$ cat model29.txt   # compact mmCIF, C-alpha atoms and all ligand atoms
# COMPACT_ATOMS: atom_id res chain seq x y z
CA MET A 1 38.16 6.41 -4.33
CA ALA A 2 36.12 9.61 -4.11
CA ALA A 3 32.41 9.60 -3.31
CA VAL A 4 29.44 10.19 -5.58
CA ARG A 5 27.91 13.61 -4.82
CA ILE A 6 24.16 13.25 -4.30
CA ASP A 7 22.29 15.92 -6.25
CA GLY A 8 19.24 16.64 -4.07
CA LYS A 9 18.01 19.31 -6.43
CA ALA A 10 17.89 16.93 -9.40
CA MET A 11 16.22 14.21 -7.29
CA ALA A 12 13.63 16.70 -6.04
CA GLY A 13 12.99 17.82 -9.63
CA LYS A 14 12.14 14.25 -10.67
CA ILE A 15 9.80 13.79 -7.72
CA ARG A 16 8.16 17.15 -8.54
CA GLU A 17 7.47 15.87 -12.08
CA GLN A 18 5.89 12.65 -10.76
CA LEU A 19 3.80 14.62 -8.26
CA GLY A 20 2.74 16.97 -11.06
CA GLN A 21 1.32 13.98 -12.95
CA GLU A 22 -0.53 12.79 -9.84
CA VAL A 23 -1.92 16.30 -9.31
CA GLU A 24 -3.25 16.30 -12.89
CA VAL A 25 -5.08 13.02 -12.25
CA LEU A 26 -6.54 14.41 -9.01
CA LYS A 27 -7.67 17.60 -10.75
CA LYS A 28 -9.56 15.51 -13.31
CA LYS A 29 -11.43 14.02 -10.35
CA GLY A 30 -12.25 17.54 -9.14
CA ILE A 31 -9.63 17.59 -6.34
CA ASN A 32 -7.06 20.39 -6.40
CA PRO A 33 -4.39 19.62 -3.78
CA SER A 34 -4.49 22.68 -1.55
CA MET A 35 -2.13 23.76 1.17
CA ALA A 36 -2.79 26.47 3.77
CA LEU A 37 0.40 28.09 5.05
CA ILE A 38 0.16 30.13 8.24
CA LEU A 39 2.82 32.76 8.79
CA VAL A 40 2.67 34.72 12.04
CA GLY A 41 4.74 37.88 12.30
CA ASP A 42 7.44 39.67 10.38
CA SER A 43 10.44 37.30 10.32
CA PRO A 44 12.01 37.65 6.85
CA ASP A 45 13.49 34.13 7.14
CA SER A 46 10.11 32.58 7.89
CA ALA A 47 8.51 34.60 5.08
CA LEU A 48 11.16 33.27 2.68
CA TYR A 49 10.60 29.65 3.76
CA VAL A 50 6.85 30.03 3.39
CA ARG A 51 7.26 31.52 -0.10
CA SER A 52 9.50 28.66 -1.17
CA LYS A 53 6.98 26.09 0.13
CA ALA A 54 4.14 27.85 -1.73
CA LYS A 55 6.26 27.98 -4.88
CA ALA A 56 7.07 24.25 -4.67
CA CYS A 57 3.36 23.49 -4.27
CA GLU A 58 2.44 25.59 -7.29
CA GLY A 59 5.37 24.07 -9.21
CA ALA A 60 3.70 20.67 -8.85
CA GLY A 61 0.35 22.12 -9.98
CA GLY A 62 -1.21 22.43 -6.51
CA PHE A 63 -2.77 25.44 -4.80
CA ALA A 64 -1.10 27.27 -1.92
CA GLU A 65 -2.71 29.98 0.16
CA THR A 66 -0.71 31.94 2.73
CA HIS A 67 -2.51 33.32 5.79
CA HIS A 68 -0.33 36.07 7.19
CA LEU A 69 -1.24 37.00 10.76
CA PRO A 70 0.23 40.10 12.45
CA GLU A 71 3.21 39.81 14.82
CA ASP A 72 1.05 40.59 17.89
CA SER A 73 -1.60 37.94 17.12
CA SER A 74 -3.00 36.14 20.13
CA LEU A 75 -2.99 32.39 20.67
CA GLU A 76 -6.78 32.46 20.37
CA GLN A 77 -6.62 34.13 16.93
CA LEU A 78 -4.14 31.55 15.69
CA LEU A 79 -6.13 28.61 17.08
CA ALA A 80 -9.33 30.04 15.55
CA LEU A 81 -7.69 30.16 12.12
CA ILE A 82 -6.42 26.57 12.47
CA ASP A 83 -9.90 25.46 13.53
CA LYS A 84 -11.46 27.15 10.48
CA LEU A 85 -8.93 25.50 8.14
CA ASN A 86 -9.39 22.11 9.84
CA ARG A 87 -13.10 22.32 8.99
CA ASP A 88 -12.60 23.59 5.43
CA ASP A 89 -12.98 20.62 3.07
CA SER A 90 -11.16 22.42 0.27
CA VAL A 91 -7.94 22.53 2.37
CA HIS A 92 -5.94 19.28 2.34
CA GLY A 93 -2.81 20.30 4.22
CA ILE A 94 -2.06 22.90 6.91
CA LEU A 95 1.35 24.18 7.94
CA VAL A 96 2.14 26.70 10.68
CA GLN A 97 5.61 28.09 10.04
CA LEU A 98 7.90 27.92 13.08
CA PRO A 99 9.26 29.60 15.07
CA LEU A 100 6.27 31.59 16.23
CA PRO A 101 6.83 35.14 17.57
CA HIS A 102 8.36 35.29 21.03
CA HIS A 103 5.11 35.72 23.01
CA LEU A 104 3.78 32.50 21.42
CA HIS A 105 6.90 30.34 21.82
CA ALA A 106 5.57 28.56 24.87
CA TYR A 107 2.44 27.54 22.92
CA GLU A 108 4.10 26.01 19.86
CA LYS A 109 3.22 22.46 20.87
CA GLN A 110 -0.39 23.41 21.60
CA VAL A 111 -0.58 25.09 18.17
CA MET A 112 0.90 22.13 16.28
CA ASP A 113 -1.36 19.71 18.16
CA ALA A 114 -4.39 21.77 17.07
CA ILE A 115 -3.85 20.85 13.40
CA ALA A 116 -6.08 17.92 12.38
CA PRO A 117 -3.76 14.86 12.04
CA GLU A 118 -5.11 14.15 8.52
CA LYS A 119 -4.04 17.67 7.44
CA ASP A 120 -0.73 17.65 9.34
CA ILE A 121 1.61 17.51 6.33
CA ASP A 122 4.58 18.51 8.54
CA ALA A 123 3.89 15.31 10.54
CA PHE A 124 4.51 16.98 13.90
CA HIS A 125 1.21 15.83 15.46
CA PRO A 126 1.51 13.10 18.14
CA VAL A 127 -0.94 10.94 16.15
CA ASN A 128 1.40 10.94 13.13
CA ILE A 129 4.53 10.40 15.21
CA GLY A 130 2.80 7.68 17.23
CA ASN A 131 1.58 5.91 14.09
CA LEU A 132 5.08 6.04 12.63
CA VAL A 133 6.38 4.18 15.68
CA ILE A 134 3.48 1.72 15.59
CA GLY A 135 4.04 1.16 11.85
CA ASP A 136 0.54 2.33 10.86
CA LYS A 137 -0.29 4.56 7.91
CA CYS A 138 0.60 8.18 8.60
CA TYR A 139 2.52 11.17 7.27
CA TRP A 140 6.26 10.96 7.65
CA GLY A 141 8.13 14.10 8.78
CA VAL A 142 9.57 15.80 5.75
CA THR A 143 13.26 16.09 6.65
CA ALA A 144 13.48 12.53 7.95
CA TYR A 145 11.52 11.30 4.92
CA ALA A 146 13.84 13.28 2.62
CA CYS A 147 16.78 11.25 3.97
CA VAL A 148 14.95 7.96 3.37
CA LYS A 149 13.83 9.01 -0.14
CA ILE A 150 17.42 9.91 -1.03
CA LEU A 151 18.52 6.43 0.06
CA GLU A 152 15.69 4.79 -1.89
CA ASN A 153 16.56 6.80 -4.99
CA LEU A 154 20.17 5.63 -4.81
CA GLY A 155 18.78 2.14 -5.36
CA VAL A 156 20.91 0.57 -2.63
CA GLU A 157 19.60 -2.32 -0.52
CA LEU A 158 18.71 -0.92 2.91
CA LYS A 159 17.83 -4.23 4.55
CA GLY A 160 20.58 -5.37 6.90
CA LYS A 161 22.61 -2.16 6.66
CA HIS A 162 23.87 -0.51 9.82
CA ALA A 163 22.41 3.00 9.91
CA VAL A 164 23.89 5.35 12.48
CA VAL A 165 21.85 8.46 13.20
CA ILE A 166 23.58 11.25 15.10
CA GLY A 167 20.50 13.25 16.00
CA TRP A 168 17.98 14.13 18.63
CA SER A 169 14.90 15.94 17.35
CA ILE A 170 11.33 14.91 16.68
CA GLU A 171 11.71 16.35 13.14
CA ILE A 172 14.88 14.50 12.12
CA GLY A 173 16.86 12.20 14.44
CA LYS A 174 14.14 10.23 16.18
CA PRO A 175 11.80 9.70 13.18
CA VAL A 176 14.57 8.85 10.69
CA ALA A 177 15.82 6.18 13.12
CA VAL A 178 12.33 4.63 13.19
CA MET A 179 11.90 4.92 9.39
CA LEU A 180 15.21 3.14 8.72
CA PHE A 181 14.30 0.48 11.27
CA GLU A 182 11.04 -0.02 9.31
CA LYS A 183 13.16 -0.44 6.16
CA GLY A 184 15.06 -3.32 7.80
CA CYS A 185 18.22 -1.53 8.93
CA ALA A 186 20.08 -2.16 12.16
CA VAL A 187 19.82 1.31 13.67
CA THR A 188 22.00 3.09 16.21
CA LEU A 189 20.63 6.43 17.42
CA VAL A 190 23.24 8.58 19.13
CA HIS A 191 22.56 11.91 20.78
CA PRO A 192 24.87 14.57 19.32
CA GLU A 193 25.97 15.51 22.85
CA ALA A 194 27.24 11.96 23.41
CA ASP A 195 30.65 10.84 22.13
CA PHE A 196 29.54 9.80 18.64
CA VAL A 197 32.97 9.05 17.15
CA PRO A 198 33.00 5.34 18.12
CA TYR A 199 29.70 4.93 16.26
CA THR A 200 30.19 6.94 13.06
CA LYS A 201 33.01 4.63 11.97
CA GLN A 202 30.61 1.65 12.06
CA ALA A 203 27.97 3.22 9.83
CA ASP A 204 27.09 1.86 6.39
CA ILE A 205 24.62 4.75 6.36
CA LEU A 206 25.41 7.85 8.41
CA ILE A 207 22.71 10.48 8.99
CA THR A 208 23.79 13.63 10.78
CA GLU A 209 21.78 16.14 12.79
CA VAL A 210 24.57 17.59 14.91
CA GLY A 211 24.10 21.35 14.61
CA LYS A 212 27.85 22.06 14.51
CA PRO A 213 29.67 22.94 11.31
CA LYS A 214 32.09 20.28 10.03
CA ALA A 215 31.74 18.23 13.25
CA ILE A 216 32.23 14.99 11.31
CA THR A 217 35.40 14.55 9.30
CA GLY A 218 36.65 11.98 6.82
CA GLU A 219 38.55 9.90 9.39
CA MET A 220 35.33 9.32 11.35
CA ILE A 221 33.63 7.70 8.35
CA LYS A 222 33.68 4.07 7.22
CA PRO A 223 35.08 3.79 3.68
CA GLY A 224 32.24 3.54 1.15
CA ALA A 225 29.54 4.74 3.60
CA ILE A 226 26.50 6.72 2.49
CA VAL A 227 26.63 10.07 4.28
CA ILE A 228 23.46 12.17 4.55
CA ASP A 229 24.01 15.56 6.14
CA THR A 230 20.88 17.35 7.39
CA GLY A 231 22.91 20.14 8.98
CA SER A 232 22.51 23.76 8.02
CA ASN A 233 24.83 25.85 10.17
CA TRP A 234 25.31 29.51 9.30
CA VAL A 235 28.98 30.45 9.03
CA ASP A 236 29.99 33.82 7.55
CA GLY A 237 26.59 34.13 5.86
CA LYS A 238 26.80 30.66 4.27
CA SER A 239 25.04 27.40 5.06
CA VAL A 240 27.58 24.77 6.14
CA GLY A 241 26.80 21.11 6.89
CA ASP A 242 27.60 19.01 9.96
CA VAL A 243 30.05 17.07 7.80
CA ASP A 244 33.39 18.34 6.57
CA TYR A 245 32.48 17.71 2.94
CA ASP A 246 35.98 17.77 1.45
CA SER A 247 37.56 15.19 3.77
CA ALA A 248 34.39 13.03 3.87
CA PHE A 249 34.17 13.07 0.06
CA GLU A 250 37.51 11.23 -0.12
CA VAL A 251 36.24 8.36 2.06
CA ALA A 252 32.47 8.01 1.57
CA GLY A 253 30.67 6.10 -1.19
CA TYR A 254 27.91 8.69 -1.53
CA ILE A 255 27.53 12.07 0.16
CA THR A 256 24.99 14.89 0.20
CA PRO A 257 26.35 18.43 -0.17
CA VAL A 258 25.11 21.40 1.89
CA PRO A 259 23.42 23.25 0.32
CA GLY A 260 21.87 21.20 -2.49
CA GLY A 261 21.41 17.83 -0.75
CA VAL A 262 18.68 17.27 1.83
CA GLY A 263 17.34 20.86 1.60
CA PRO A 264 15.60 20.66 -1.80
CA MET A 265 14.28 17.18 -0.93
CA ARG A 266 12.71 18.45 2.32
CA ILE A 267 10.43 20.84 0.50
CA ILE A 268 9.36 18.36 -2.13
CA MET A 269 8.50 15.78 0.57
CA LEU A 270 6.12 18.35 2.03
CA ILE A 271 4.37 18.48 -1.34
CA TYR A 272 4.48 14.68 -1.44
CA ASN A 273 2.59 14.62 1.88
CA LEU A 274 0.11 17.18 0.53
CA VAL A 275 -0.60 15.01 -2.51
CA GLN A 276 -1.12 11.99 -0.21
CA ALA A 277 -3.60 14.08 1.81
CA ALA A 278 -5.49 15.07 -1.33
CA LYS A 279 -5.50 11.47 -2.59
CA GLN A 280 -6.96 10.32 0.70
CA LYS A 281 -9.72 12.87 0.22
CA ALA A 282 -10.32 11.55 -3.29
CA GLY A 283 -10.48 8.01 -1.91
CA ALA A 284 -7.56 7.11 -4.21
N1 LIG B 1 10.53 26.02 10.57
C1 LIG B 1 11.72 25.47 10.23
N2 LIG B 1 11.53 24.24 9.70
C2 LIG B 1 10.19 24.02 9.72
C3 LIG B 1 9.39 22.93 9.28
O1 LIG B 1 9.86 21.90 8.79
N3 LIG B 1 8.04 23.09 9.46
C4 LIG B 1 7.51 24.20 10.01
N4 LIG B 1 6.19 24.25 10.13
N5 LIG B 1 8.23 25.24 10.41
C5 LIG B 1 9.57 25.15 10.26

$ encode --input "model29.txt" --output "structure tokens"
Amino acid sequence: MAAVRIDGKAMAGKIREQLGQEVEVLKKKGINPSMALILVGDSPDSALYVRSKAKACEGAGGFAETHHLPEDSSLEQLLALIDKLNRDDSVHGILVQLPLPHHLHAYEKQVMDAIAPEKDIDAFHPVNIGNLVIGDKCYWGVTAYACVKILENLGVELKGKHAVVIGWSIEIGKPVAVMLFEKGCAVTLVHPEADFVPYTKQADILITEVGKPKAITGEMIKPGAIVIDTGSNWVDGKSVGDVDYDSAFEVAGYITPVPGGVGPMRIIMLIYNLVQAAKQKAGA
């Protein structure tokens, strides 16, 4: 039996509507959820991502302001801007678009750590990552959270399921493994450089962060599994997932397409985090 294709765009649209209602309530209390986006340099890709994040924020009724710093900005200039935004009460969320220009690459961690944890809507700050592991209240990283939200929206019981995460990063693999553990799953986290084939076959829920197009094929998947593909690999000018969609579609129970699966959910989870930040400010 063929899988159900998960429509991330439609799911994100519903969440945007709910967030829009929450934003209206906040505005009545005098709080306008506001996001500061910092873009350093002239990368057209980064500029496009920043525009789409600003648009998603405005689409939910919030306010987005982009601070565009020149390509040759110094670390001190960038840290001074973050410090100013940290202290600005009208700003609820701060995002520094990565990657930074080449001369600032080595300082990316220092830059991300400079964002106040309560405004860190990307959830890259060690305080947010640490609190996720502890199980305390914190922001959840948006790509990892997008995977969990997709699963929640499917309405399937997560408790007791075997989730296999083929991933490695602090944005996706590691946090999604912890989040699914928190939801009561038995979790196997496998580095994509390890031999992951013996594990994928055991997954009731398979999350992929492999970074190789079509690395996972139908015969590696347990029949009926939920397959969530966070991959976005550029092949001939097109975004291709880690999963070979056509063969996996014949075996899986549910599957996310690339594009149109995790991608649209990622951006809306950023706005979700922003609304949580604004609510915290409102004491709601
Ligand atoms: N560049 C690519 N993905 C991301 C992301 O999720 N957050 C930030 N800040 N920069 C990125």

$ closest_residue --input "model29.txt" --among "A:Lys29, A:Lys222, A:His102, A:His125" --to "A:Pro198" --atoms "only C-alpha atoms"
A:Lys222

$ atom_distance --input "model29.txt" --atom1 "atom CA of A:Thr217" --atom2 "atom CA of A:Asp244"
5.1 Å

$ closest_residue --input "model29.txt" --among "A:Ala252, A:Leu206, A:Leu270, A:Ile226" --to "A:Gly155" --atoms "only C-alpha atoms"
A:Ile226

$ residues_near_ligand --input "model29.txt" --ligand "ligand LIG 1 (chain B)" --cutoff "10 Å" --atoms "all atoms listed in the file" --output "list in words"
Leu37, Ile38, Leu39, Asp45, Ser46, Tyr49, Val50, Lys53, Ile94, Leu95, Val96, Gln97, Leu98, Pro99, Leu100, Met112, Asp120, Ile121, Asp122, Ala123, Phe124, Gly141, Val142, Thr143, Glu171, Ile172, Arg266, Ile267 and Leu270 of chain A

$ residues_around --input "model29.txt" --residues "stretch 144-153 of chain A" --least-positions-apart "5" --cutoff "8 Å" --atoms "all atoms listed in the file" --output "ChimeraX atom specification"
/A:8,11,158,171-173,175-176,179-180,207,228,262,265-266,269

$ atom_distance --input "model29.txt" --atom1 "atom CA of A:His105" --atom2 "atom CA of A:His67"
18.8 Å

$ atom_distance --input "model29.txt" --atom1 "atom CA of A:Gln21" --atom2 "atom CA of A:Pro264"
19.3 Å

$ closest_residue --input "model29.txt" --among "A:Ala186, A:Ile268, A:Ala54, A:Lys212" --to "A:Val235" --atoms "only C-alpha atoms"
A:Lys212

$ residues_around --input "model29.txt" --residues "A:Asp42" --least-positions-apart "3" --cutoff "10 Å" --atoms "only C-alpha atoms" --output "PyMOL selection string"
chain A and resi 39+45-47+68-72+101

$ residues_around --input "model29.txt" --residues "A:Gly241" --least-positions-apart "4" --cutoff "8 Å" --atoms "only C-alpha atoms" --output "list in words"
Lys212, Pro213, Lys214, Asp229, Thr230, Gly231, Ser232, Asn233, Tyr245, Pro257, Val258 and Pro259 of chain A

$ residues_around --input "model29.txt" --residues "stretch 278-280 of chain A" --least-positions-apart "5" --cutoff "12 Å" --atoms "only C-alpha atoms" --output "NGL selection string"
:A and (19 or 22-27 or 29-35 or 62-63 or 89-94 or 118-121 or 137-139 or 271-273)

$ write_last_selection --input "model29.txt" --atoms "C-alpha atoms" --output "short mmCIF file (atom, residue, chain, number, x, y, z; two decimals), in the frame of the given file"
data_model
loop_
_atom_site.label_atom_id
_atom_site.label_comp_id
_atom_site.auth_asym_id
_atom_site.auth_seq_id
_atom_site.Cartn_x
_atom_site.Cartn_y
_atom_site.Cartn_z
CA LEU A 19 3.80 14.62 -8.26
CA GLU A 22 -0.53 12.79 -9.84
CA VAL A 23 -1.92 16.30 -9.31
CA GLU A 24 -3.25 16.30 -12.89
CA VAL A 25 -5.08 13.02 -12.25
CA LEU A 26 -6.54 14.41 -9.01
CA LYS A 27 -7.67 17.60 -10.75
CA LYS A 29 -11.43 14.02 -10.35
CA GLY A 30 -12.25 17.54 -9.14
CA ILE A 31 -9.63 17.59 -6.34
CA ASN A 32 -7.06 20.39 -6.40
CA PRO A 33 -4.39 19.62 -3.78
CA SER A 34 -4.49 22.68 -1.55
CA MET A 35 -2.13 23.76 1.17
CA GLY A 62 -1.21 22.43 -6.51
CA PHE A 63 -2.77 25.44 -4.80
CA ASP A 89 -12.98 20.62 3.07
CA SER A 90 -11.16 22.42 0.27
CA VAL A 91 -7.94 22.53 2.37
CA HIS A 92 -5.94 19.28 2.34
CA GLY A 93 -2.81 20.30 4.22
CA ILE A 94 -2.06 22.90 6.91
CA GLU A 118 -5.11 14.15 8.52
CA LYS A 119 -4.04 17.67 7.44
CA ASP A 120 -0.73 17.65 9.34
CA ILE A 121 1.61 17.51 6.33
CA LYS A 137 -0.29 4.56 7.91
CA CYS A 138 0.60 8.18 8.60
CA TYR A 139 2.52 11.17 7.27
CA ILE A 271 4.37 18.48 -1.34
CA TYR A 272 4.48 14.68 -1.44
CA ASN A 273 2.59 14.62 1.88
#

$ residues_around --input "model29.txt" --residues "A:Ala177" --least-positions-apart "5" --cutoff "9 Å" --atoms "all atoms listed in the file" --output "PDB file with C-alpha atoms, keeping the file's coordinate frame"
ATOM      1  CA  ALA A 144      13.480  12.530   7.950  1.00  0.00           C
ATOM      2  CA  ALA A 163      22.410   3.000   9.910  1.00  0.00           C
ATOM      3  CA  VAL A 164      23.890   5.350  12.480  1.00  0.00           C
ATOM      4  CA  VAL A 165      21.850   8.460  13.200  1.00  0.00           C
ATOM      5  CA  GLY A 167      20.500  13.250  16.000  1.00  0.00           C
ATOM      6  CA  ILE A 172      14.880  14.500  12.120  1.00  0.00           C
ATOM      7  CA  GLU A 182      11.040  -0.020   9.310  1.00  0.00           C
ATOM      8  CA  VAL A 187      19.820   1.310  13.670  1.00  0.00           C
ATOM      9  CA  THR A 188      22.000   3.090  16.210  1.00  0.00           C
ATOM     10  CA  LEU A 189      20.630   6.430  17.420  1.00  0.00           C
TER      11      LEU A 189
END

$ closest_residue --input "model29.txt" --among "A:Asp246, A:Glu108, A:Glu209, A:Glu58" --to "A:Leu78" --atoms "only C-alpha atoms"
A:Glu108

$ closest_residue --input "model29.txt" --among "A:Ala36, A:Leu79, A:Val275, A:Arg5" --to "A:Tyr254" --atoms "only C-alpha atoms"
A:Arg5

$ residues_near_point --input "model29.txt" --point "(9.5, 19.7, -8.7)" --cutoff "8 Å" --atoms "all atoms listed in the file" --output "PyMOL selection string"
chain A and resi 12-17+19-20+56+59-60+268

$ build_atoms --input "model29.txt" --residues "stretch 250-267 of chain A" --atoms "N, CA, C and O atoms" --output "PDB file, in the frame of the given file"
ATOM      1  N   GLU A 250      36.403  12.140   0.252  1.00  0.00           N
ATOM      2  CA  GLU A 250      37.510  11.230  -0.120  1.00  0.00           C
ATOM      3  C   GLU A 250      37.294   9.814   0.400  1.00  0.00           C
ATOM      4  O   GLU A 250      37.925   8.884  -0.090  1.00  0.00           O
ATOM      5  N   VAL A 251      36.396   9.661   1.387  1.00  0.00           N
ATOM      6  CA  VAL A 251      36.240   8.360   2.060  1.00  0.00           C
ATOM      7  C   VAL A 251      34.884   7.706   1.746  1.00  0.00           C
ATOM      8  O   VAL A 251      34.800   6.489   1.558  1.00  0.00           O
ATOM      9  N   ALA A 252      33.836   8.531   1.697  1.00  0.00           N
ATOM     10  CA  ALA A 252      32.470   8.010   1.570  1.00  0.00           C
ATOM     11  C   ALA A 252      32.228   7.400   0.182  1.00  0.00           C
ATOM     12  O   ALA A 252      32.997   7.624  -0.762  1.00  0.00           O
ATOM     13  N   GLY A 253      31.113   6.616   0.106  1.00  0.00           N
ATOM     14  CA  GLY A 253      30.670   6.100  -1.190  1.00  0.00           C
ATOM     15  C   GLY A 253      29.752   7.094  -1.874  1.00  0.00           C
ATOM     16  O   GLY A 253      29.835   7.335  -3.081  1.00  0.00           O
ATOM     17  N   TYR A 254      28.839   7.650  -1.074  1.00  0.00           N
ATOM     18  CA  TYR A 254      27.910   8.690  -1.530  1.00  0.00           C
ATOM     19  C   TYR A 254      27.854   9.753  -0.438  1.00  0.00           C
ATOM     20  O   TYR A 254      27.930   9.431   0.752  1.00  0.00           O
ATOM     21  N   ILE A 255      27.631  10.997  -0.848  1.00  0.00           N
ATOM     22  CA  ILE A 255      27.530  12.070   0.160  1.00  0.00           C
ATOM     23  C   ILE A 255      26.621  13.188  -0.360  1.00  0.00           C
ATOM     24  O   ILE A 255      26.641  13.513  -1.555  1.00  0.00           O
ATOM     25  N   THR A 256      25.821  13.728   0.566  1.00  0.00           N
ATOM     26  CA  THR A 256      24.990  14.890   0.200  1.00  0.00           C
ATOM     27  C   THR A 256      25.775  16.179   0.476  1.00  0.00           C
ATOM     28  O   THR A 256      26.393  16.304   1.538  1.00  0.00           O
ATOM     29  N   PRO A 257      25.735  17.127  -0.439  1.00  0.00           N
ATOM     30  CA  PRO A 257      26.350  18.430  -0.170  1.00  0.00           C
ATOM     31  C   PRO A 257      25.398  19.311   0.652  1.00  0.00           C
ATOM     32  O   PRO A 257      24.207  19.028   0.741  1.00  0.00           O
ATOM     33  N   VAL A 258      25.925  20.351   1.248  1.00  0.00           N
ATOM     34  CA  VAL A 258      25.110  21.400   1.890  1.00  0.00           C
ATOM     35  C   VAL A 258      25.625  22.739   1.354  1.00  0.00           C
ATOM     36  O   VAL A 258      26.816  23.028   1.500  1.00  0.00           O
ATOM     37  N   PRO A 259      24.822  23.523   0.676  1.00  0.00           N
ATOM     38  CA  PRO A 259      23.420  23.250   0.320  1.00  0.00           C
ATOM     39  C   PRO A 259      23.322  22.331  -0.903  1.00  0.00           C
ATOM     40  O   PRO A 259      24.336  21.991  -1.495  1.00  0.00           O
ATOM     41  N   GLY A 260      22.088  21.954  -1.256  1.00  0.00           N
ATOM     42  CA  GLY A 260      21.870  21.200  -2.490  1.00  0.00           C
ATOM     43  C   GLY A 260      21.677  19.707  -2.286  1.00  0.00           C
ATOM     44  O   GLY A 260      21.570  18.960  -3.261  1.00  0.00           O
ATOM     45  N   GLY A 261      21.623  19.259  -1.016  1.00  0.00           N
ATOM     46  CA  GLY A 261      21.410  17.830  -0.750  1.00  0.00           C
ATOM     47  C   GLY A 261      20.022  17.593  -0.179  1.00  0.00           C
ATOM     48  O   GLY A 261      19.029  17.493  -0.914  1.00  0.00           O
ATOM     49  N   VAL A 262      19.956  17.550   1.162  1.00  0.00           N
ATOM     50  CA  VAL A 262      18.680  17.270   1.830  1.00  0.00           C
ATOM     51  C   VAL A 262      17.696  18.438   1.665  1.00  0.00           C
ATOM     52  O   VAL A 262      16.481  18.226   1.537  1.00  0.00           O
ATOM     53  N   GLY A 263      18.206  19.671   1.641  1.00  0.00           N
ATOM     54  CA  GLY A 263      17.340  20.860   1.600  1.00  0.00           C
ATOM     55  C   GLY A 263      16.266  20.821   0.524  1.00  0.00           C
ATOM     56  O   GLY A 263      15.068  20.911   0.830  1.00  0.00           O
ATOM     57  N   PRO A 264      16.636  20.675  -0.757  1.00  0.00           N
ATOM     58  CA  PRO A 264      15.600  20.660  -1.800  1.00  0.00           C
ATOM     59  C   PRO A 264      14.643  19.476  -1.661  1.00  0.00           C
ATOM     60  O   PRO A 264      13.466  19.574  -2.017  1.00  0.00           O
ATOM     61  N   MET A 265      15.141  18.358  -1.096  1.00  0.00           N
ATOM     62  CA  MET A 265      14.280  17.180  -0.930  1.00  0.00           C
ATOM     63  C   MET A 265      13.255  17.387   0.184  1.00  0.00           C
ATOM     64  O   MET A 265      12.147  16.864   0.118  1.00  0.00           O
ATOM     65  N   ARG A 266      13.632  18.168   1.202  1.00  0.00           N
ATOM     66  CA  ARG A 266      12.710  18.450   2.320  1.00  0.00           C
ATOM     67  C   ARG A 266      11.428  19.079   1.817  1.00  0.00           C
ATOM     68  O   ARG A 266      10.334  18.712   2.202  1.00  0.00           O
ATOM     69  N   ILE A 267      11.607  20.083   0.951  1.00  0.00           N
ATOM     70  CA  ILE A 267      10.430  20.840   0.500  1.00  0.00           C
ATOM     71  C   ILE A 267       9.553  19.972  -0.385  1.00  0.00           C
ATOM     72  O   ILE A 267       8.329  19.984  -0.267  1.00  0.00           O
TER      73      ILE A 267
END
